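Here is coords_6.cif, consisting of mmCIF, C-alpha atoms:
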data_structure
loop_
_atom_site.label_atom_id
_atom_site.label_comp_id
_atom_site.auth_asym_id
_atom_site.auth_seq_id
_atom_site.Cartn_x
_atom_site.Cartn_y
_atom_site.Cartn_z
CA MET A 247 -65.42 -63.32 39.82
CA ARG A 248 -66.59 -62.86 43.38
CA VAL A 249 -63.99 -65.35 44.57
CA ILE A 250 -61.26 -62.83 43.70
CA ARG A 251 -62.95 -60.19 45.86
CA THR A 252 -63.09 -62.74 48.69
CA ILE A 253 -59.36 -63.44 48.36
CA VAL A 254 -58.56 -59.73 48.72
CA LEU A 255 -60.71 -59.40 51.82
CA ILE A 256 -59.10 -62.50 53.37
CA LEU A 257 -55.66 -60.98 52.76
CA VAL A 258 -56.81 -57.84 54.52
CA ALA A 259 -58.20 -59.85 57.43
CA ILE A 260 -54.92 -61.68 58.08
CA GLY A 261 -52.96 -58.44 57.95
CA ALA A 262 -51.36 -58.97 54.57
CA LEU A 263 -52.69 -55.61 53.42
CA ALA A 264 -52.79 -52.67 55.77
CA PRO A 265 -55.61 -50.46 54.45
CA VAL A 266 -59.01 -52.08 54.18
CA ALA A 267 -59.88 -52.90 50.59
CA ARG A 268 -62.88 -50.92 49.44
CA PRO A 269 -65.74 -51.87 47.11
CA SER A 270 -64.25 -49.40 44.62
CA ASP A 271 -61.51 -51.94 43.94
CA PHE A 272 -64.08 -53.93 41.96
CA ASN A 273 -66.55 -53.21 39.23
CA TRP A 274 -70.30 -53.51 39.77
CA HIS A 275 -70.30 -57.24 39.03
CA GLY A 276 -67.75 -58.05 41.74
CA ARG A 277 -64.93 -58.78 39.30
CA LEU A 278 -61.41 -57.60 39.96
CA ALA A 279 -60.66 -54.43 38.08
CA PRO A 280 -58.28 -54.79 35.09
CA GLY A 281 -54.67 -55.32 36.07
CA GLN A 282 -55.27 -56.24 39.71
CA SER A 283 -55.10 -60.00 39.13
CA VAL A 284 -51.37 -59.33 38.69
CA GLU A 285 -51.29 -57.68 42.11
CA ILE A 286 -53.13 -60.55 43.84
CA LYS A 287 -50.52 -63.03 42.64
CA GLY A 288 -47.83 -60.69 43.93
CA VAL A 289 -49.40 -60.37 47.37
CA ASN A 290 -49.63 -64.14 47.69
CA GLY A 291 -45.98 -64.41 46.68
CA ALA A 292 -44.92 -61.89 49.30
CA ILE A 293 -46.89 -63.60 52.05
CA HIS A 294 -45.33 -67.01 51.38
CA ALA A 295 -41.88 -65.53 50.96
CA GLU A 296 -42.00 -63.81 54.31
CA ARG A 297 -42.52 -67.02 56.30
CA SER A 298 -39.44 -67.86 58.36
CA SER A 299 -37.99 -71.30 57.67
CA GLY A 300 -35.84 -71.62 60.78
CA THR A 301 -32.69 -72.05 58.70
CA GLU A 302 -30.85 -69.73 61.11
CA VAL A 303 -29.92 -72.88 63.03
CA THR A 304 -27.39 -73.46 60.25
CA VAL A 305 -25.21 -70.94 62.12
CA GLU A 306 -25.07 -73.41 65.00
CA ALA A 307 -24.73 -76.48 62.80
CA THR A 308 -21.59 -75.07 61.15
CA LYS A 309 -20.23 -73.62 64.42
CA SER A 310 -20.18 -70.14 62.95
CA SER A 311 -19.66 -66.99 64.99
CA GLN A 312 -22.47 -64.75 66.20
CA ARG A 313 -20.18 -61.71 66.52
CA PRO A 314 -21.20 -60.41 63.05
CA PHE A 315 -24.72 -60.00 64.45
CA ASP A 316 -23.56 -57.48 67.07
CA PRO A 317 -26.06 -54.57 67.12
CA ARG A 318 -23.23 -52.02 66.91
CA ILE A 319 -22.38 -53.28 63.43
CA GLN A 320 -25.98 -52.98 62.27
CA GLN A 321 -26.37 -49.44 63.62
CA LEU A 322 -23.53 -48.26 61.40
CA ARG A 323 -25.58 -49.31 58.36
CA PRO A 324 -29.10 -48.97 59.70
CA TYR A 325 -31.29 -50.64 57.13
CA PRO A 326 -34.44 -51.78 58.98
CA GLY A 327 -34.34 -55.30 57.54
CA GLN A 328 -30.70 -55.78 58.49
CA ILE A 329 -31.29 -54.59 62.06
CA SER A 330 -34.33 -56.85 62.42
CA CYS A 331 -32.59 -59.91 60.99
CA ALA A 332 -29.54 -59.50 63.24
CA ALA A 333 -31.79 -59.07 66.28
CA ASN A 334 -33.64 -62.27 65.40
CA LEU A 335 -30.36 -64.17 65.08
CA ARG A 336 -29.12 -62.91 68.44
CA LEU A 337 -32.41 -63.94 70.06
CA LEU A 338 -32.31 -67.37 68.48
CA LEU A 339 -28.72 -68.09 69.50
CA ALA A 340 -28.82 -66.54 72.98
CA ASP A 341 -28.77 -69.70 75.11
CA SER A 342 -27.15 -72.19 72.75
CA GLU A 343 -24.71 -74.72 74.22
CA ILE A 344 -23.35 -75.27 70.72
CA MET A 345 -22.40 -71.61 70.33
CA LYS A 346 -20.73 -71.55 73.76
CA SER A 347 -18.70 -74.66 72.93
CA HIS A 348 -16.58 -72.84 70.34
CA GLU A 349 -16.73 -69.18 71.38
CA HIS A 350 -12.95 -69.07 71.91
CA CYS A 351 -11.96 -70.87 68.71
CA ASP A 352 -9.17 -69.52 66.50
CA LYS A 353 -11.31 -68.99 63.40
CA VAL A 354 -10.86 -65.42 62.11
CA GLN A 355 -14.13 -65.05 60.24
CA ASP A 356 -16.85 -67.05 58.54
CA ALA A 357 -17.89 -67.21 54.91
CA TYR A 358 -20.27 -64.55 53.58
CA SER A 359 -23.22 -66.95 53.60
CA MET A 360 -22.97 -67.04 57.40
CA ARG A 361 -21.69 -63.68 58.60
CA CYS A 362 -23.58 -61.63 56.02
CA MET A 363 -27.00 -63.11 56.79
CA PRO A 364 -28.29 -59.81 58.27
CA GLN A 365 -27.14 -57.92 55.19
CA VAL A 366 -28.55 -60.38 52.63
CA HIS A 367 -31.68 -61.52 54.46
CA GLY A 368 -32.20 -57.94 55.60
CA ALA A 369 -32.10 -56.68 52.01
CA VAL A 370 -34.76 -59.26 51.15
CA ARG A 371 -36.88 -57.96 54.03
CA ASN A 372 -36.45 -54.38 52.81
CA THR A 373 -37.53 -55.45 49.34
CA LEU A 374 -40.62 -57.15 50.75
CA THR A 375 -41.50 -54.00 52.65
CA HIS A 376 -41.27 -51.89 49.50
CA CYS A 377 -43.27 -54.42 47.46
CA ARG A 378 -45.94 -54.59 50.14
CA GLU A 379 -46.28 -50.79 50.16
CA VAL A 380 -46.82 -50.73 46.40
CA MET A 381 -49.29 -53.62 46.53
CA GLU A 382 -51.31 -52.03 49.33
CA ILE A 383 -51.67 -48.82 47.31
CA GLU A 384 -52.64 -50.85 44.25
CA VAL A 385 -55.28 -53.00 45.86
CA ASN A 386 -56.92 -49.90 47.33
CA SER A 387 -56.98 -48.05 44.02
CA ALA A 388 -59.53 -47.53 41.27
CA VAL A 389 -57.93 -48.90 38.12
CA ASP A 390 -60.82 -49.24 35.68
CA ASN A 391 -61.18 -47.24 32.49
CA PRO A 392 -62.92 -44.93 31.92
CA LEU A 393 -63.41 -43.55 35.43
CA VAL A 394 -66.62 -41.76 36.41
CA PHE A 395 -66.43 -38.72 38.71
CA LEU A 396 -69.80 -37.59 40.12
CA LYS A 397 -70.36 -33.85 40.33
CA ASN A 398 -73.38 -33.57 42.63
CA THR A 399 -73.10 -36.53 44.97
CA THR A 400 -74.98 -35.34 48.05
CA ALA A 401 -78.40 -36.64 47.05
CA GLN A 402 -77.52 -39.61 44.89
CA VAL A 403 -74.82 -41.46 46.76
CA GLY A 404 -75.99 -44.79 48.17
CA ALA A 405 -74.70 -47.02 50.96
CA GLY A 406 -70.92 -47.13 51.15
CA GLY A 407 -70.50 -43.99 49.05
CA PHE A 408 -71.26 -45.52 45.65
CA VAL A 409 -74.15 -45.07 43.26
CA ARG A 410 -75.51 -48.39 42.08
CA PRO A 411 -78.08 -48.85 39.28
CA ALA A 412 -80.90 -49.71 41.69
CA GLU A 413 -80.28 -46.54 43.71
CA ARG A 414 -80.24 -44.02 40.88
CA GLY A 415 -83.95 -43.39 40.63
CA SER A 416 -85.18 -40.99 38.01
CA ALA A 417 -82.93 -38.06 39.02
CA ALA A 418 -80.29 -37.04 36.55
CA ILE A 419 -76.70 -37.65 37.63
CA GLU A 420 -74.01 -35.26 36.48
CA ALA A 421 -70.58 -36.78 36.08
CA ASP A 422 -67.29 -36.47 34.28
CA VAL A 423 -66.31 -39.63 32.40
CA ILE A 424 -62.57 -39.58 31.84
CA SER A 425 -60.44 -42.07 29.97
CA GLY A 426 -57.07 -42.46 31.67
CA GLY A 427 -54.35 -44.97 32.38
CA ASN A 428 -54.77 -46.20 35.96
CA PHE A 429 -55.14 -49.73 34.63
CA HIS A 430 -51.50 -49.82 33.52
CA GLY A 431 -49.61 -52.44 35.54
CA GLN A 432 -46.13 -50.90 35.52
CA PRO A 433 -45.85 -50.12 39.27
CA VAL A 434 -46.87 -53.66 40.15
CA ALA A 435 -44.79 -55.28 37.40
CA PHE A 436 -41.66 -53.56 38.72
CA VAL A 437 -42.10 -54.80 42.27
CA LEU A 438 -43.02 -58.33 41.18
CA ASP A 439 -39.74 -58.49 39.28
CA PHE A 440 -37.91 -56.95 42.24
CA LEU A 441 -39.40 -59.52 44.58
CA GLY A 442 -38.37 -62.35 42.25
CA ILE A 443 -34.79 -61.06 42.23
CA ALA A 444 -34.73 -60.78 46.04
CA LEU A 445 -36.10 -64.28 46.59
CA SER A 446 -33.61 -65.69 44.11
CA ALA A 447 -30.84 -64.23 46.28
CA LEU A 448 -32.46 -65.77 49.37
CA ALA A 449 -32.48 -69.20 47.73
CA GLY A 450 -28.90 -68.70 46.55
CA ILE A 451 -27.47 -67.94 49.98
CA SER A 452 -29.51 -70.82 51.44
CA GLU A 453 -27.89 -73.27 49.01
CA ARG A 454 -24.44 -71.95 49.89
CA ARG A 455 -25.08 -72.61 53.59
CA LEU A 456 -26.28 -76.09 52.69
CA GLU A 457 -23.00 -76.68 50.84
CA ARG A 458 -21.06 -75.73 53.95
CA MET A 459 -22.94 -78.34 55.99
CA VAL A 460 -22.45 -81.22 53.56
CA ASN A 461 -18.91 -80.55 52.27
CA PRO A 462 -16.42 -82.41 54.52
CA ALA A 463 -13.78 -79.77 53.76
CA LEU A 464 -16.01 -77.03 55.17
CA ASN A 465 -18.43 -78.52 57.71
CA GLU A 466 -16.37 -78.33 60.90
CA GLY A 467 -16.11 -82.06 61.54
CA LEU A 468 -19.64 -83.14 60.65
CA PRO A 469 -19.95 -86.42 58.72
CA PRO A 470 -19.41 -86.06 54.98
CA PHE A 471 -22.74 -85.08 53.38
CA LEU A 472 -24.37 -85.50 56.80
CA ALA A 473 -24.60 -89.22 56.13
CA ALA A 474 -24.82 -91.74 58.95
CA GLY A 475 -22.28 -94.33 57.90
CA ALA A 476 -20.66 -92.21 55.20
CA GLY A 477 -19.41 -94.36 52.35
CA LEU A 478 -22.38 -96.71 52.49
CA ASN A 479 -24.85 -93.80 52.41
CA SER A 480 -24.76 -90.63 50.31
CA GLY A 481 -26.77 -88.56 52.78
CA PHE A 482 -27.46 -85.05 51.53
CA MET A 483 -25.20 -85.22 48.48
CA MET A 484 -28.06 -85.28 45.95
CA PRO A 485 -30.33 -82.87 47.90
CA GLN A 486 -27.55 -80.29 47.56
CA VAL A 487 -27.60 -80.93 43.81
CA VAL A 488 -31.38 -80.42 43.82
CA ALA A 489 -31.03 -77.15 45.73
CA ALA A 490 -28.38 -75.99 43.26
CA SER A 491 -30.70 -76.76 40.35
CA LEU A 492 -33.56 -74.82 41.97
CA VAL A 493 -31.26 -71.83 42.48
CA SER A 494 -30.09 -72.02 38.87
CA GLU A 495 -33.69 -72.11 37.62
CA ASN A 496 -34.45 -69.03 39.70
CA LYS A 497 -31.60 -67.18 38.03
CA VAL A 498 -33.33 -67.63 34.68
CA LEU A 499 -36.78 -66.78 36.03
CA ALA A 500 -35.48 -63.66 37.80
CA HIS A 501 -34.77 -61.90 34.51
CA PRO A 502 -37.23 -58.99 34.69
CA ALA A 503 -40.35 -59.22 32.57
CA SER A 504 -41.08 -55.52 33.05
CA VAL A 505 -38.23 -54.42 30.78
CA ASP A 506 -40.15 -55.93 27.88
CA SER A 507 -43.18 -54.72 25.95
CA ILE A 508 -45.01 -55.64 22.76
CA THR A 509 -47.53 -53.57 20.85
CA THR A 510 -51.13 -54.74 20.30
CA SER A 511 -54.61 -53.39 19.54
CA GLY A 512 -53.81 -51.41 16.42
CA ASN A 513 -50.86 -49.71 18.10
CA LYS A 514 -53.14 -48.17 20.74
CA GLU A 515 -51.75 -50.43 23.47
CA ASP A 516 -48.20 -49.68 22.41
CA TYR A 517 -46.40 -50.04 25.76
CA VAL A 518 -47.47 -52.67 28.28
CA SER A 519 -46.07 -53.79 31.64
CA MET A 520 -45.82 -57.56 31.16
CA GLY A 521 -46.90 -57.73 34.80
CA MET A 522 -48.75 -61.03 34.53
CA THR A 523 -45.62 -62.68 33.16
CA ALA A 524 -43.71 -61.26 36.14
CA ALA A 525 -46.39 -62.63 38.49
CA LEU A 526 -46.32 -66.12 36.98
CA LYS A 527 -42.51 -66.21 37.16
CA LEU A 528 -42.64 -65.03 40.77
CA LYS A 529 -45.02 -67.85 41.67
CA LYS A 530 -42.42 -70.38 40.50
CA ILE A 531 -39.56 -68.53 42.20
CA VAL A 532 -41.47 -68.60 45.51
CA GLU A 533 -41.98 -72.35 45.14
CA ASN A 534 -38.33 -72.98 44.26
CA THR A 535 -37.08 -70.80 47.12
CA ARG A 536 -39.31 -72.48 49.66
CA ASN A 537 -38.13 -75.91 48.50
CA ALA A 538 -34.45 -74.89 48.61
CA MET A 539 -34.88 -73.60 52.15
CA ALA A 540 -36.75 -76.76 53.13
CA ILE A 541 -33.70 -78.78 52.07
CA GLU A 542 -31.46 -76.50 54.14
CA ALA A 543 -33.78 -76.82 57.14
CA MET A 544 -33.77 -80.63 56.95
CA ALA A 545 -29.97 -80.67 56.64
CA ALA A 546 -29.60 -78.29 59.60
CA ALA A 547 -31.81 -80.56 61.72
CA GLN A 548 -29.65 -83.53 60.74
CA ALA A 549 -26.50 -81.60 61.65
CA LEU A 550 -27.90 -80.72 65.07
CA ASP A 551 -28.58 -84.42 65.68
CA PHE A 552 -24.90 -85.15 65.05
CA LEU A 553 -23.85 -82.40 67.48
CA ALA A 554 -25.67 -84.00 70.42
CA PRO A 555 -25.34 -84.06 73.40
CA LEU A 556 -24.68 -80.35 72.90
CA LYS A 557 -28.02 -78.58 72.72
CA THR A 558 -29.18 -75.83 70.46
CA SER A 559 -30.97 -72.80 71.92
CA ARG A 560 -34.48 -73.04 73.33
CA ARG A 561 -35.94 -71.57 70.16
CA GLY A 562 -33.64 -73.71 68.04
CA GLN A 563 -34.93 -76.79 69.85
CA ALA A 564 -38.49 -75.68 69.08
CA ALA A 565 -37.63 -75.26 65.38
CA HIS A 566 -35.85 -78.62 65.39
CA ALA A 567 -38.90 -80.27 66.99
CA ALA A 568 -41.18 -78.72 64.38
CA ILE A 569 -39.03 -80.14 61.59
CA ARG A 570 -38.83 -83.53 63.28
CA SER A 571 -42.62 -83.59 63.63
CA VAL A 572 -42.84 -84.11 59.86
CA CYS A 573 -39.42 -85.58 59.09
CA ALA A 574 -37.47 -88.28 60.96
CA THR A 575 -33.68 -88.32 61.36
CA MET A 576 -31.83 -89.83 58.39
CA ASP A 577 -30.18 -92.94 59.85
CA LYS A 578 -29.72 -94.36 56.35
CA ASP A 579 -30.47 -93.31 52.79
CA ARG A 580 -34.14 -93.07 51.84
CA VAL A 581 -36.37 -91.37 49.31
CA MET A 582 -36.39 -87.77 50.53
CA TYR A 583 -38.73 -85.78 48.30
CA ARG A 584 -41.68 -86.41 50.62
CA ASP A 585 -39.64 -85.03 53.54
CA PHE A 586 -38.81 -81.89 51.58
CA ALA A 587 -42.45 -81.42 50.58
CA ARG A 588 -43.64 -81.73 54.18
CA ILE A 589 -41.01 -79.28 55.47
CA ALA A 590 -41.84 -76.84 52.66
CA GLU A 591 -45.49 -77.00 53.70
CA LEU A 592 -44.44 -76.49 57.33
CA ILE A 593 -42.55 -73.35 56.31
CA ALA A 594 -45.47 -72.06 54.23
CA SER A 595 -47.87 -72.63 57.12
CA GLY A 596 -45.79 -70.39 59.42
CA LYS A 597 -45.41 -73.13 62.05
CA VAL A 598 -41.62 -72.96 62.05
CA ALA A 599 -41.78 -69.18 62.43
CA GLU A 600 -44.22 -69.65 65.30
CA ALA A 601 -41.80 -72.07 66.99
CA LEU A 602 -39.05 -69.45 66.88
CA ARG A 603 -41.04 -66.79 68.71
#
Have the structure of the file written as structure tokens, please.
Amino acid sequence: MRVIRTIVLILVAIGALAPVARPSDFNWHGRLAPGQSVEIKGVNGAIHAERSSGTEVTVEATKSSQRPFDPRIQQLRPYPGQISCAANLRLLLADSEIMKSHEHCDKVQDAYSMRCMPQVHGAVRNTLTHCREVMEIEVNSAVDNPLVFLKNTTAQVGAGGFVRPAERGSAAIEADVISGGNFHGQPVAFVLDFLGIALSALAGISERRLERMVNPALNEGLPPFLAAGAGLNSGFMMPQVVAASLVSENKVLAHPASVDSITTSGNKEDYVSMGMTAALKLKKIVENTRNAMAIEAMAAAQALDFLAPLKTSRRGQAAHAAIRSVCATMDKDRVMYRDFARIAELIASGKVAEALR
């Protein structure tokens, strides 16, 4: 369908794919070549996954240390994603009154979910980079079967470098028609599974940070479950349960589809990639991860409200304002799923990421 071709070109236009997609990515009728529908789902997953949610303000909400984000630490293990994530955290926290209020506390070190954010989030970024590289090669590849290789192209090639039926004329065209395997989805299936695993880890560490904000034994003096009037209100007790259930579902979905295969077509198609299954699972993992991080973002905003009059950083205030533009402070218990949905949409739109720049 031509709509699929349009989707690819839109992805190129917004910078999701580096090389420009060529007409050779499609057959003469404008349909996506076999196997590339898997790749399109993967690209969309990567784009949504890469949106920042602003949950870094959880570091402030839990009065965690920023010393683990020191650039000297990152240079001793110089993964690009780790270095980038730590730099973002330092930038976000630079002028925070909350961070300054406890810089001389006697805490030795924070939990992994806080001090290992550059390592975990950075690994997710590295995975996204690898997946994007594979997808960009794939979307700019000829994956039909058989493939036709023209021998004498100088006189017969039409506009854009391709011979179309209307341009052939009566001249004979010499070509090699070769049956091959470029349609096989294994490279894409692998990275779709890899991306699902990485995003499951991102949701998992997000839920652990949420737990540290709501648990009165861990949240550095914040109200139990971030509830105004704790005892009469349950606050974020059940949202943490929801986040935990989303993370648990991801663990099941993250089992790789690409390790499987089943034979069809008279044993001719005897080893297949299961890439579409990986793509469909990834779509759900992206949704679950975004919703888990939306819950964390709403909880972090609530925690910052309780820490007033101390102010978060300038960028933290911008992220807080973005969240508050779609979600009011919880002054008493209310139905919250609409809040989570609006924040998830805010994250997907990139508006929170824009606020942090």
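The set of residues that the PyMOL selection byres ((chain A and resi 438) around 8) takes from this file is A:Gly288, A:Cys377, A:Val434, A:Ala435, A:Phe436, A:Val437, A:Asp439, A:Phe440, A:Leu441, A:Gly442, A:Gly521, A:Ala524, A:Ala525, A:Leu528.
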Just so the selection is clear, what residues does the PyMOL selection byres ((chain A and resi 334) around 12) cover here, as a PyMOL selection string?
-> chain A and resi 298+300-303+312+315-317+327-333+335-340+363-364+367-368+561-562+599+602-603
Emit the selected residues as a tab-separated table (two decimals), in the coordinates of the input, including C-alpha atoms.
chain	number	residue	atom	x	y	z
A	298	SER	CA	-39.44	-67.86	58.36
A	300	GLY	CA	-35.84	-71.62	60.78
A	301	THR	CA	-32.69	-72.05	58.70
A	302	GLU	CA	-30.85	-69.73	61.11
A	303	VAL	CA	-29.92	-72.88	63.03
A	312	GLN	CA	-22.47	-64.75	66.20
A	315	PHE	CA	-24.72	-60.00	64.45
A	316	ASP	CA	-23.56	-57.48	67.07
A	317	PRO	CA	-26.06	-54.57	67.12
A	327	GLY	CA	-34.34	-55.30	57.54
A	328	GLN	CA	-30.70	-55.78	58.49
A	329	ILE	CA	-31.29	-54.59	62.06
A	330	SER	CA	-34.33	-56.85	62.42
A	331	CYS	CA	-32.59	-59.91	60.99
A	332	ALA	CA	-29.54	-59.50	63.24
A	333	ALA	CA	-31.79	-59.07	66.28
A	335	LEU	CA	-30.36	-64.17	65.08
A	336	ARG	CA	-29.12	-62.91	68.44
A	337	LEU	CA	-32.41	-63.94	70.06
A	338	LEU	CA	-32.31	-67.37	68.48
A	339	LEU	CA	-28.72	-68.09	69.50
A	340	ALA	CA	-28.82	-66.54	72.98
A	363	MET	CA	-27.00	-63.11	56.79
A	364	PRO	CA	-28.29	-59.81	58.27
A	367	HIS	CA	-31.68	-61.52	54.46
A	368	GLY	CA	-32.20	-57.94	55.60
A	561	ARG	CA	-35.94	-71.57	70.16
A	562	GLY	CA	-33.64	-73.71	68.04
A	599	ALA	CA	-41.78	-69.18	62.43
A	602	LEU	CA	-39.05	-69.45	66.88
A	603	ARG	CA	-41.04	-66.79	68.71
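The space between atom CA of A:Ser446 and atom CA of A:Asn496 spans 5.6 Å.
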With a distance cut-off of 8 Å and all atoms listed in the file, select the neighbouring residues of A:Leu445, excluding the residue or stretch itself and same-chain residues fewer than 2 positions from it, and output the selection as a PDB file with C-alpha atoms, in the coordinates of the input.
ATOM      1  CA  ALA A 295     -41.880 -65.530  50.960  1.00  0.00           C
ATOM      2  CA  VAL A 370     -34.760 -59.260  51.150  1.00  0.00           C
ATOM      3  CA  LEU A 441     -39.400 -59.520  44.580  1.00  0.00           C
ATOM      4  CA  GLY A 442     -38.370 -62.350  42.250  1.00  0.00           C
ATOM      5  CA  ILE A 443     -34.790 -61.060  42.230  1.00  0.00           C
ATOM      6  CA  ALA A 447     -30.840 -64.230  46.280  1.00  0.00           C
ATOM      7  CA  LEU A 448     -32.460 -65.770  49.370  1.00  0.00           C
ATOM      8  CA  ALA A 449     -32.480 -69.200  47.730  1.00  0.00           C
ATOM      9  CA  ILE A 531     -39.560 -68.530  42.200  1.00  0.00           C
ATOM     10  CA  VAL A 532     -41.470 -68.600  45.510  1.00  0.00           C
ATOM     11  CA  THR A 535     -37.080 -70.800  47.120  1.00  0.00           C
TER      12      THR A 535
END
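When atom CA of A:Ala307 is paired with atom CA of A:Ser571, their separation reads 19.3 Å.
Distance annotation: of A:Cys362, A:Ala369, A:Ala489, A:Val598, the residue with the minimal separation from A:Ala444 is A:Ala369; atom set is all atoms listed in the file.
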Any chance you could model N, CA, C and O atoms for stretch 558-569 of chain A and send them as a compact mmCIF listing (two decimals), in the coordinates of the input?
# COMPACT_ATOMS: atom_id res chain seq x y z
N THR A 558 -28.94 -77.12 71.08
CA THR A 558 -29.18 -75.83 70.46
C THR A 558 -29.93 -74.94 71.44
O THR A 558 -30.24 -75.35 72.57
N SER A 559 -30.24 -73.72 71.05
CA SER A 559 -30.97 -72.80 71.92
C SER A 559 -32.39 -73.29 72.13
O SER A 559 -32.87 -74.21 71.45
N ARG A 560 -33.09 -72.65 73.07
CA ARG A 560 -34.48 -73.04 73.33
C ARG A 560 -35.33 -72.88 72.07
O ARG A 560 -36.10 -73.76 71.74
N ARG A 561 -35.16 -71.77 71.39
CA ARG A 561 -35.94 -71.57 70.16
C ARG A 561 -35.46 -72.50 69.06
O ARG A 561 -36.25 -72.97 68.24
N GLY A 562 -34.15 -72.76 69.02
CA GLY A 562 -33.64 -73.71 68.04
C GLY A 562 -34.19 -75.10 68.27
O GLY A 562 -34.51 -75.83 67.32
N GLN A 563 -34.33 -75.49 69.54
CA GLN A 563 -34.93 -76.79 69.85
C GLN A 563 -36.38 -76.84 69.38
O GLN A 563 -36.85 -77.88 68.91
N ALA A 564 -37.09 -75.72 69.53
CA ALA A 564 -38.49 -75.68 69.08
C ALA A 564 -38.57 -75.82 67.56
O ALA A 564 -39.43 -76.53 67.03
N ALA A 565 -37.66 -75.13 66.84
CA ALA A 565 -37.63 -75.26 65.38
C ALA A 565 -37.25 -76.68 64.97
O ALA A 565 -37.85 -77.26 64.05
N HIS A 566 -36.27 -77.25 65.67
CA HIS A 566 -35.85 -78.62 65.39
C HIS A 566 -37.01 -79.58 65.62
O HIS A 566 -37.25 -80.50 64.81
N ALA A 567 -37.76 -79.39 66.70
CA ALA A 567 -38.90 -80.27 66.99
C ALA A 567 -39.97 -80.14 65.92
O ALA A 567 -40.61 -81.14 65.54
N ALA A 568 -40.18 -78.92 65.44
CA ALA A 568 -41.18 -78.72 64.38
C ALA A 568 -40.79 -79.47 63.11
O ALA A 568 -41.63 -80.11 62.47
N ILE A 569 -39.50 -79.42 62.77
CA ILE A 569 -39.03 -80.14 61.59
C ILE A 569 -39.15 -81.64 61.81
O ILE A 569 -39.62 -82.39 60.93
